[in-house]
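As structure tokens, the structure follows; a few thoughts come after it.
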Amino acid sequence: VIARIAPGTCVIDITHGIAPQNVLQGALVLADTLPYMPHGIHVAVVDPGVGGPRRPVALETADGRVLVGPDNGVLLEAAERLGGATRAVELTAEAYMLRPVSPTFHGRDLFAPVAAHLARGVALEALGPELDPACLVRVELPRSQVEPGRVQATVLAVDRFGNVRLNVGAGELAQAGIDAGAAVEVEVAGRRFAATVARTFADVRPGGIVLLEDSSRSVAVAVNRGSAARTLSTVPGQEVVVAARREDR
Amino acid sequence: VIARIAPGTCVIDITHGIAPQNVLQGALVLADTLPYMPHGIHVAVVDPGVGGPRRPVALETADGRVLVGPDNGVLLEAAERLGGATRAVELTAEAYMLRPVSPTFHGRDLFAPVAAHLARGVALEALGPELDPACLVRVELPRSQVEPGRVQATVLAVDRFGNVRLNVGAGELAQAGIDAGAAVEVEVAGRRFAATVARTFADVRPGGIVLLEDSSRSVAVAVNRGSAARTLSTVPGQEVVVAARREDR
Amino acid sequence: VIARIAPGTCVIDITHGIAPQNVLQGALVLADTLPYMPHGIHVAVVDPGVGGPRRPVALETADGRVLVGPDNGVLLEAAERLGGATRAVELTAEAYMLRPVSPTFHGRDLFAPVAAHLARGVALEALGPELDPACLVRVELPRSQVEPGRVQATVLAVDRFGNVRLNVGAGELAQAGIDAGAAVEVEVAGRRFAATVARTFADVRPGGIVLLEDSSRSVAVAVNRGSAARTLSTVPGQEVVVAARREDR
């Protein structure tokens, strides 16, 4: 669709691998990826509410990018990492859509064509009425709880390697007194696993469990040459407790 | 392969996700996608008969595109949506292939190089002897049966969201007297599920079953925020009956 | 990352489908694919030892390509098919990396940026100290054993069609006296399956097992219109014996 409206535009596919309806996963992948991407028109469509009351939007970030997608939270996390949304519009101008717009596939009929027209130089304000960026929808990220020797966390995402990303930053581990090299216990659904806080997978023996700062700067549970998601039998949304092992307190 | 023969050619990957040997799925995806693509040389390879008697072909459509692939039905559905095949040739000219041609990978050694040469301007007739377009192989699409208050259908395809596409158009539902908003029963292998005819996923509660016109204008069974294929335990080829619920007849 | 450092560079994605940590599979796919690719900077990252002592390297092949990746064997198989590695360097020059380099994602922070700088014309020797190409790490390929009427083999890889690639060339089958058309027995974990040596899938009836020379010129076990991996219940690394059937010896 983009190639027809804006031939010659460079289109880079970040991923088509977001789990169906997983807006949070889409939001995190977009937020982690955009800082490494050239400036551009960035389209993100994870859209379980397609055709319903959720608004289609485009927004401009403080660093001069444009993000296009449904106003369901998939865009805001990324916008905030890029300095925040400075302007936003609701996408209503049918002249920039494929008509008729399918009620179930706005990616094809609405978001991609709007992005292509933006790439050709159409102004944001031509696409529809302005919205207050402060009113755009945010994904709710679960909060972690830090106590001495213990962090109560939630699984945010599992990647294709089975690495289990927690809603915890390296700073929070340190705040709990859990530092690099520490022996910890990871508790999931009543089951406990011995793990080590380290830098990379190979810092533990093959099959061993490691807590590391992943490439998005979140704390992740990983298994050297294995899958932590499988070892821990865990899925996104589940609660995980990381605790210093008694002998270390 | 294309980048070596025709450097600088824009190559757009529609999908590498067709199920192995599923010529029908390939044919439907191609037919649904090409109307949204720029004019070009379109290669489609779902090719269980590779290296056997099925013919490798290229054809021209009434709207001026060229389709390249095995003559097993994967191309014709798309050609018909684009006005029909007006010319066709059997691909025999080895000068436009990689040699030796692997008996099991014509995508690499035959179809991709031929497409690249076409993109460079080689004429269709240089590729091999002309074929009568009327003799090209068609996929057999199962027929639906419409009665008052009831449509007997077949599952054509399941997408990665679990949406279940039927061999039914919105017109056929209407013909059976089943209109938007109707409460229906979907019967699969003796099991019955309550569903609603609506516009989009979010027209039913999360977990609810909806019958809608999908982005290819076929009737599909979907589950809001879920997978209809999983809910119905169904696969392509299975028979599905959609019937008005007794209280509505 | 490449698009930011070297805008306009043509990036071709060979695959993102290598199984996690499967260096051997990555090495084989790279070796099979590069001979069909235009000359370029070829990045391969299957990197279970990321951030540990394994060295990041770039090497030049006899035919003038540059390969970039971890020195864990993923590159060497391809280099050898292209005439061998003629020069190599350890990647240490931080000026050509994204900083800080994540200890768990060298693909993003080290290999992709180095490749982009190479594409812009940075010289190999600017990237770090020279290495002796003879010291680069090789993947260990299991050896097959050929006896009259019998080849003892190992499964090297299974593709997405379920074709089972063996560490056997067509020449070895011939050496064992097993020729095209021969009826053979394929033995896996004590289970025996009747198969035929042939040219392509369709040379046996649907569901039948065929031994053929695949597109990488290895012997593969395949099932016409099915999955040999499923039929044989086999996985990479498993031992497979191909034996002439008694009546044929």
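Ordering of the structure tokens sets the chain letters (A, B, ...); residue numbers start at 1 within each chain; ligands are numbered from 1 in the order shown.
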Please report as a Markdown table every residue of chain B lying within 12 Å of chain A, along with the nearest atom pair and their distance in Å (one decimal), using only C-alpha atoms.
```
| residue | atom | partner | partner_atom | distance |
| --- | --- | --- | --- | --- |
| B:Gly8 | CA | A:Gly8 | CA | 11.1 |
| B:Thr9 | CA | A:Gly8 | CA | 10.7 |
| B:Cys10 | CA | A:Gly8 | CA | 8.4 |
| B:Val11 | CA | A:Ala3 | CA | 10.7 |
| B:Ile12 | CA | A:Ala3 | CA | 9.1 |
| B:Asp13 | CA | A:Asp13 | CA | 10.6 |
| B:Ile14 | CA | A:Val1 | CA | 11.4 |
| B:Thr15 | CA | A:His16 | CA | 10.4 |
| B:His16 | CA | A:His16 | CA | 11.6 |
| B:Gly17 | CA | A:His16 | CA | 11.0 |
| B:Asp32 | CA | A:Arg108 | CA | 11.7 |
| B:Thr33 | CA | A:Val1 | CA | 9.6 |
| B:Leu34 | CA | A:Val1 | CA | 10.0 |
| B:Pro35 | CA | A:Val1 | CA | 9.5 |
| B:Tyr36 | CA | A:Val1 | CA | 5.7 |
| B:Met37 | CA | A:Val1 | CA | 6.1 |
| B:Pro38 | CA | A:Arg4 | CA | 5.2 |
| B:His39 | CA | A:Arg4 | CA | 8.6 |
| B:Gly40 | CA | A:Arg4 | CA | 11.0 |
| B:Asp159 | CA | A:Pro20 | CA | 10.8 |
| B:Arg160 | CA | A:Pro20 | CA | 7.8 |
| B:Phe161 | CA | A:Pro20 | CA | 5.8 |
| B:Gly162 | CA | A:Pro20 | CA | 9.1 |
| B:Asn163 | CA | A:Pro20 | CA | 11.0 |
| B:Ala198 | CA | A:Pro103 | CA | 10.2 |
| B:Arg199 | CA | A:Pro103 | CA | 6.5 |
| B:Thr200 | CA | A:Thr104 | CA | 5.8 |
| B:Phe201 | CA | A:Gly49 | CA | 7.1 |
| B:Ala202 | CA | A:Gly49 | CA | 5.7 |
| B:Asp203 | CA | A:Gly52 | CA | 7.4 |
| B:Val204 | CA | A:Gly52 | CA | 10.5 |
| B:Arg205 | CA | A:Gly49 | CA | 11.2 |
| B:Pro206 | CA | A:Pro48 | CA | 9.9 |
| B:Gly207 | CA | A:Pro48 | CA | 11.9 |
| B:Val210 | CA | A:Thr104 | CA | 11.9 |
| B:Leu211 | CA | A:Thr104 | CA | 11.7 |
| B:Leu212 | CA | A:Thr104 | CA | 8.7 |
| B:Glu213 | CA | A:Thr104 | CA | 8.3 |
| B:Asp214 | CA | A:Thr104 | CA | 6.4 |
| B:Ser215 | CA | A:Ser102 | CA | 5.7 |
| B:Ser216 | CA | A:Ser102 | CA | 8.8 |
| B:Arg217 | CA | A:Ser102 | CA | 8.7 |
| B:Ser218 | CA | A:Ser102 | CA | 11.6 |
| B:Val219 | CA | A:Thr104 | CA | 11.8 |
| B:Ala220 | CA | A:Thr104 | CA | 10.8 |
| B:Ala222 | CA | A:Thr104 | CA | 10.7 |
| B:Val223 | CA | A:Pro48 | CA | 10.4 |
| B:Asn224 | CA | A:Pro48 | CA | 7.6 |
| B:Arg225 | CA | A:Pro48 | CA | 6.2 |
| B:Gly226 | CA | A:Gln21 | CA | 8.1 |
| B:Ser227 | CA | A:Pro20 | CA | 8.9 |
```
Keeping only N, CA and C atoms, write those residues as a short mmCIF file (atom, residue, chain, number, x, y, z; two decimals), in the first residue's frame.
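File produced: out13.cif:
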```cif
data_model
loop_
_atom_site.label_atom_id
_atom_site.label_comp_id
_atom_site.auth_asym_id
_atom_site.auth_seq_id
_atom_site.Cartn_x
_atom_site.Cartn_y
_atom_site.Cartn_z
N GLY B 8 19.04 -3.46 -7.83
CA GLY B 8 18.28 -2.22 -7.71
C GLY B 8 16.78 -2.42 -7.83
N THR B 9 16.36 -3.62 -8.25
CA THR B 9 14.92 -3.91 -8.31
C THR B 9 14.33 -3.88 -6.90
N CYS B 10 13.17 -3.26 -6.76
CA CYS B 10 12.47 -3.26 -5.47
C CYS B 10 11.77 -4.59 -5.28
N VAL B 11 12.17 -5.34 -4.27
CA VAL B 11 11.55 -6.64 -3.98
C VAL B 11 10.70 -6.49 -2.73
N ILE B 12 9.42 -6.80 -2.84
CA ILE B 12 8.51 -6.73 -1.69
C ILE B 12 8.08 -8.14 -1.34
N ASP B 13 8.36 -8.55 -0.11
CA ASP B 13 8.01 -9.89 0.36
C ASP B 13 6.58 -9.86 0.89
N ILE B 14 5.65 -10.46 0.16
CA ILE B 14 4.26 -10.50 0.65
C ILE B 14 4.19 -11.38 1.89
N THR B 15 4.67 -12.58 1.78
CA THR B 15 4.71 -13.46 2.94
C THR B 15 5.63 -14.64 2.68
N HIS B 16 6.22 -15.15 3.73
CA HIS B 16 6.87 -16.46 3.70
C HIS B 16 6.14 -17.40 4.64
N GLY B 17 4.86 -17.07 4.94
CA GLY B 17 4.15 -17.80 5.98
C GLY B 17 3.05 -18.73 5.49
N ASP B 32 -5.85 -11.86 -2.70
CA ASP B 32 -6.27 -10.79 -1.78
C ASP B 32 -5.27 -9.64 -1.76
N THR B 33 -4.00 -9.94 -2.03
CA THR B 33 -2.94 -8.96 -1.84
C THR B 33 -2.64 -8.15 -3.10
N LEU B 34 -2.63 -8.82 -4.24
CA LEU B 34 -2.16 -8.13 -5.46
C LEU B 34 -2.93 -6.85 -5.77
N PRO B 35 -4.25 -6.81 -5.57
CA PRO B 35 -4.93 -5.54 -5.89
C PRO B 35 -4.40 -4.35 -5.09
N TYR B 36 -3.71 -4.61 -3.99
CA TYR B 36 -3.15 -3.53 -3.17
C TYR B 36 -1.68 -3.27 -3.47
N MET B 37 -1.11 -4.06 -4.37
CA MET B 37 0.32 -3.94 -4.67
C MET B 37 0.53 -3.10 -5.92
N PRO B 38 1.70 -2.47 -6.04
CA PRO B 38 2.05 -1.80 -7.29
C PRO B 38 2.12 -2.85 -8.41
N HIS B 39 1.91 -2.40 -9.63
CA HIS B 39 2.10 -3.29 -10.78
C HIS B 39 3.53 -3.79 -10.77
N GLY B 40 3.71 -5.07 -11.11
CA GLY B 40 5.06 -5.60 -11.12
C GLY B 40 5.08 -7.02 -11.64
N ASP B 159 -6.19 -17.48 9.67
CA ASP B 159 -5.03 -16.58 9.69
C ASP B 159 -4.32 -16.65 11.05
N ARG B 160 -3.26 -15.86 11.23
CA ARG B 160 -2.45 -16.04 12.44
C ARG B 160 -3.16 -15.53 13.70
N PHE B 161 -4.28 -14.84 13.50
CA PHE B 161 -5.09 -14.42 14.65
C PHE B 161 -6.14 -15.48 15.01
N GLY B 162 -6.22 -16.52 14.20
CA GLY B 162 -7.23 -17.54 14.44
C GLY B 162 -8.58 -17.20 13.81
N ASN B 163 -8.63 -16.16 12.98
CA ASN B 163 -9.87 -15.84 12.28
C ASN B 163 -10.12 -16.92 11.22
N ALA B 198 -21.96 -9.18 12.81
CA ALA B 198 -21.64 -7.78 13.14
C ALA B 198 -20.59 -7.23 12.20
N ARG B 199 -20.13 -6.04 12.49
CA ARG B 199 -19.17 -5.34 11.63
C ARG B 199 -17.71 -5.64 11.99
N THR B 200 -17.44 -5.68 13.32
CA THR B 200 -16.04 -5.83 13.72
C THR B 200 -15.96 -6.60 15.04
N PHE B 201 -14.74 -6.98 15.40
CA PHE B 201 -14.49 -7.81 16.57
C PHE B 201 -15.15 -7.24 17.83
N ALA B 202 -14.95 -5.93 18.02
CA ALA B 202 -15.37 -5.30 19.27
C ALA B 202 -16.88 -5.12 19.37
N ASP B 203 -17.61 -5.59 18.36
CA ASP B 203 -19.07 -5.52 18.44
C ASP B 203 -19.64 -6.59 19.36
N VAL B 204 -18.81 -7.54 19.76
CA VAL B 204 -19.24 -8.53 20.77
C VAL B 204 -18.32 -8.41 21.98
N ARG B 205 -18.77 -8.95 23.11
CA ARG B 205 -17.94 -8.88 24.33
C ARG B 205 -16.66 -9.70 24.11
N PRO B 206 -15.57 -9.39 24.85
CA PRO B 206 -14.35 -10.20 24.75
C PRO B 206 -14.67 -11.68 24.96
N GLY B 207 -14.17 -12.52 24.08
CA GLY B 207 -14.47 -13.94 24.14
C GLY B 207 -15.67 -14.34 23.31
N VAL B 210 -18.10 -13.73 16.68
CA VAL B 210 -18.71 -12.79 15.75
C VAL B 210 -18.52 -13.30 14.32
N LEU B 211 -19.56 -13.12 13.51
CA LEU B 211 -19.44 -13.36 12.07
C LEU B 211 -19.34 -12.01 11.39
N LEU B 212 -18.27 -11.79 10.65
CA LEU B 212 -18.12 -10.48 10.03
C LEU B 212 -17.59 -10.63 8.61
N GLU B 213 -17.69 -9.56 7.86
CA GLU B 213 -17.09 -9.53 6.53
C GLU B 213 -15.64 -9.15 6.74
N ASP B 214 -14.72 -10.01 6.38
CA ASP B 214 -13.32 -9.71 6.67
C ASP B 214 -12.71 -8.83 5.59
N SER B 215 -11.41 -8.57 5.72
CA SER B 215 -10.78 -7.59 4.84
C SER B 215 -10.67 -8.09 3.39
N SER B 216 -10.95 -9.38 3.17
CA SER B 216 -10.99 -9.90 1.79
C SER B 216 -12.43 -9.99 1.29
N ARG B 217 -13.37 -9.44 2.09
CA ARG B 217 -14.80 -9.44 1.75
C ARG B 217 -15.44 -10.83 1.83
N SER B 218 -14.77 -11.73 2.52
CA SER B 218 -15.39 -13.02 2.81
C SER B 218 -16.00 -12.96 4.20
N VAL B 219 -16.96 -13.84 4.46
CA VAL B 219 -17.46 -13.98 5.81
C VAL B 219 -16.45 -14.78 6.62
N ALA B 220 -16.12 -14.28 7.81
CA ALA B 220 -15.20 -14.98 8.69
C ALA B 220 -15.83 -15.13 10.06
N ALA B 222 -14.90 -15.01 13.94
CA ALA B 222 -13.82 -14.47 14.75
C ALA B 222 -14.24 -14.46 16.21
N VAL B 223 -13.27 -14.36 17.08
CA VAL B 223 -13.54 -14.22 18.51
C VAL B 223 -12.90 -12.91 18.95
N ASN B 224 -13.67 -12.05 19.60
CA ASN B 224 -13.11 -10.79 20.08
C ASN B 224 -12.02 -11.06 21.11
N ARG B 225 -10.82 -10.55 20.86
CA ARG B 225 -9.64 -10.75 21.73
C ARG B 225 -9.30 -12.22 21.92
N GLY B 226 -9.65 -13.04 20.95
CA GLY B 226 -9.31 -14.45 21.06
C GLY B 226 -9.12 -15.06 19.69
N SER B 227 -9.09 -16.39 19.64
CA SER B 227 -8.88 -17.12 18.40
C SER B 227 -10.09 -18.00 18.12
#
```
- Where does DSSP see strand (DSSP E or B) in segment 59-203 of chain A, if you list the residues as a VMD selection string? chain A and resid 59 to 61 66 to 70 85 to 90 130 to 131 145 to 147 150 to 158 164 to 169 183 to 188 191 to 197
Quick one: write out the picked residues with C-alpha atoms as a compact mmCIF listing (two decimals), in the first residue's frame?
```
# COMPACT_ATOMS: atom_id res chain seq x y z
CA LEU A 59 1.41 12.19 16.75
CA GLU A 60 4.65 14.09 16.55
CA THR A 61 7.42 13.45 19.06
CA VAL A 66 5.75 10.94 13.49
CA LEU A 67 4.00 7.91 15.00
CA VAL A 68 0.84 6.50 13.41
CA GLY A 69 -1.52 3.90 14.87
CA PRO A 70 -4.52 3.21 17.05
CA ALA A 85 4.25 13.72 22.10
CA THR A 86 4.15 17.39 21.17
CA ARG A 87 1.21 17.33 18.75
CA ALA A 88 -1.47 14.82 17.86
CA VAL A 89 -4.37 14.53 15.44
CA GLU A 90 -7.27 12.16 15.06
CA GLU A 130 -6.00 18.24 16.69
CA LEU A 131 -6.04 16.24 19.92
CA GLN A 145 7.85 -3.41 44.70
CA VAL A 146 11.30 -3.04 46.18
CA GLU A 147 12.11 -4.13 49.74
CA ARG A 150 13.59 -8.61 47.65
CA VAL A 151 11.87 -7.30 44.52
CA GLN A 152 8.32 -8.25 43.65
CA ALA A 153 7.99 -8.05 39.88
CA THR A 154 5.77 -8.94 36.95
CA VAL A 155 6.73 -10.59 33.67
CA LEU A 156 6.38 -7.93 30.97
CA ALA A 157 7.35 -9.98 27.96
CA VAL A 158 9.00 -13.17 26.74
CA VAL A 164 11.79 -13.28 30.56
CA ARG A 165 11.70 -9.52 30.88
CA LEU A 166 10.62 -8.10 34.22
CA ASN A 167 9.20 -4.67 35.06
CA VAL A 168 12.40 -3.95 36.95
CA GLY A 169 15.40 -1.79 36.15
CA ALA A 183 23.10 -15.43 44.42
CA VAL A 184 19.33 -15.02 44.33
CA GLU A 185 16.17 -17.02 44.34
CA VAL A 186 13.54 -16.49 41.65
CA GLU A 187 10.07 -17.48 42.80
CA VAL A 188 7.27 -18.13 40.32
CA ARG A 191 8.29 -22.72 42.70
CA ARG A 192 11.81 -21.50 43.55
CA PHE A 193 14.85 -21.40 41.29
CA ALA A 194 18.45 -20.56 42.19
CA ALA A 195 19.90 -17.84 39.98
CA THR A 196 22.89 -15.52 39.74
CA VAL A 197 22.98 -11.80 38.99
```
- Excluding Ala6 of chain A and residues on its chain fewer than 4 positions from it, collect all residues at most 7 Å away from it, counting only C-alpha atoms, and give them as a VMD selection string. chain A and resid 2 116 to 117 120
- Task: Can you work out the spacing between atom CA of Gly26 of chain C and atom CA of Arg65 of chain C in Å, to one decimal?
- Result: 17.8 Å
- DSSP on the backbone, then: every residue of segment 3-245 of chain C marked helix (DSSP H, G or I), written as a count of residues only. 60
Would you kindly return, as a PDB file with N, CA and C atoms, in the first residue's frame, each protein, DNA or RNA residue with an atom no farther than 8 Å from any atom of Arg138 of chain B, considering only C-alpha atoms and excluding same-chain residues fewer than 4 positions away?
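And here is the file that came out, selection_38.pdb:
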```
ATOM      1  N   ASN B  72      -0.158 -24.766 -10.872  1.00  0.00           N
ATOM      2  CA  ASN B  72      -0.904 -25.697 -10.010  1.00  0.00           C
ATOM      3  C   ASN B  72      -2.087 -25.006  -9.352  1.00  0.00           C
ATOM      4  N   GLY B  73      -2.424 -23.822  -9.826  1.00  0.00           N
ATOM      5  CA  GLY B  73      -3.571 -23.114  -9.262  1.00  0.00           C
ATOM      6  C   GLY B  73      -3.191 -21.929  -8.394  1.00  0.00           C
ATOM      7  N   VAL B  74      -1.929 -21.842  -8.015  1.00  0.00           N
ATOM      8  CA  VAL B  74      -1.536 -20.771  -7.085  1.00  0.00           C
ATOM      9  C   VAL B  74      -1.673 -19.384  -7.726  1.00  0.00           C
ATOM     10  N   LEU B  76      -3.894 -18.536 -10.582  1.00  0.00           N
ATOM     11  CA  LEU B  76      -5.084 -18.203 -11.365  1.00  0.00           C
ATOM     12  C   LEU B  76      -6.122 -17.372 -10.630  1.00  0.00           C
ATOM     13  N   GLU B  77      -6.311 -17.673  -9.351  1.00  0.00           N
ATOM     14  CA  GLU B  77      -7.287 -16.941  -8.545  1.00  0.00           C
ATOM     15  C   GLU B  77      -6.959 -15.441  -8.570  1.00  0.00           C
TER      16      GLU B  77
END
```
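The interatomic distance for the pair atom CA of Asp71 of chain C and atom CA of Ala31 of chain C works out to 15.2 Å.
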- Task: Can you work out the spacing between atom CA of Ala27 of chain B and atom CA of Glu140 of chain B in Å, to one decimal?
- Result: 10.6 Å
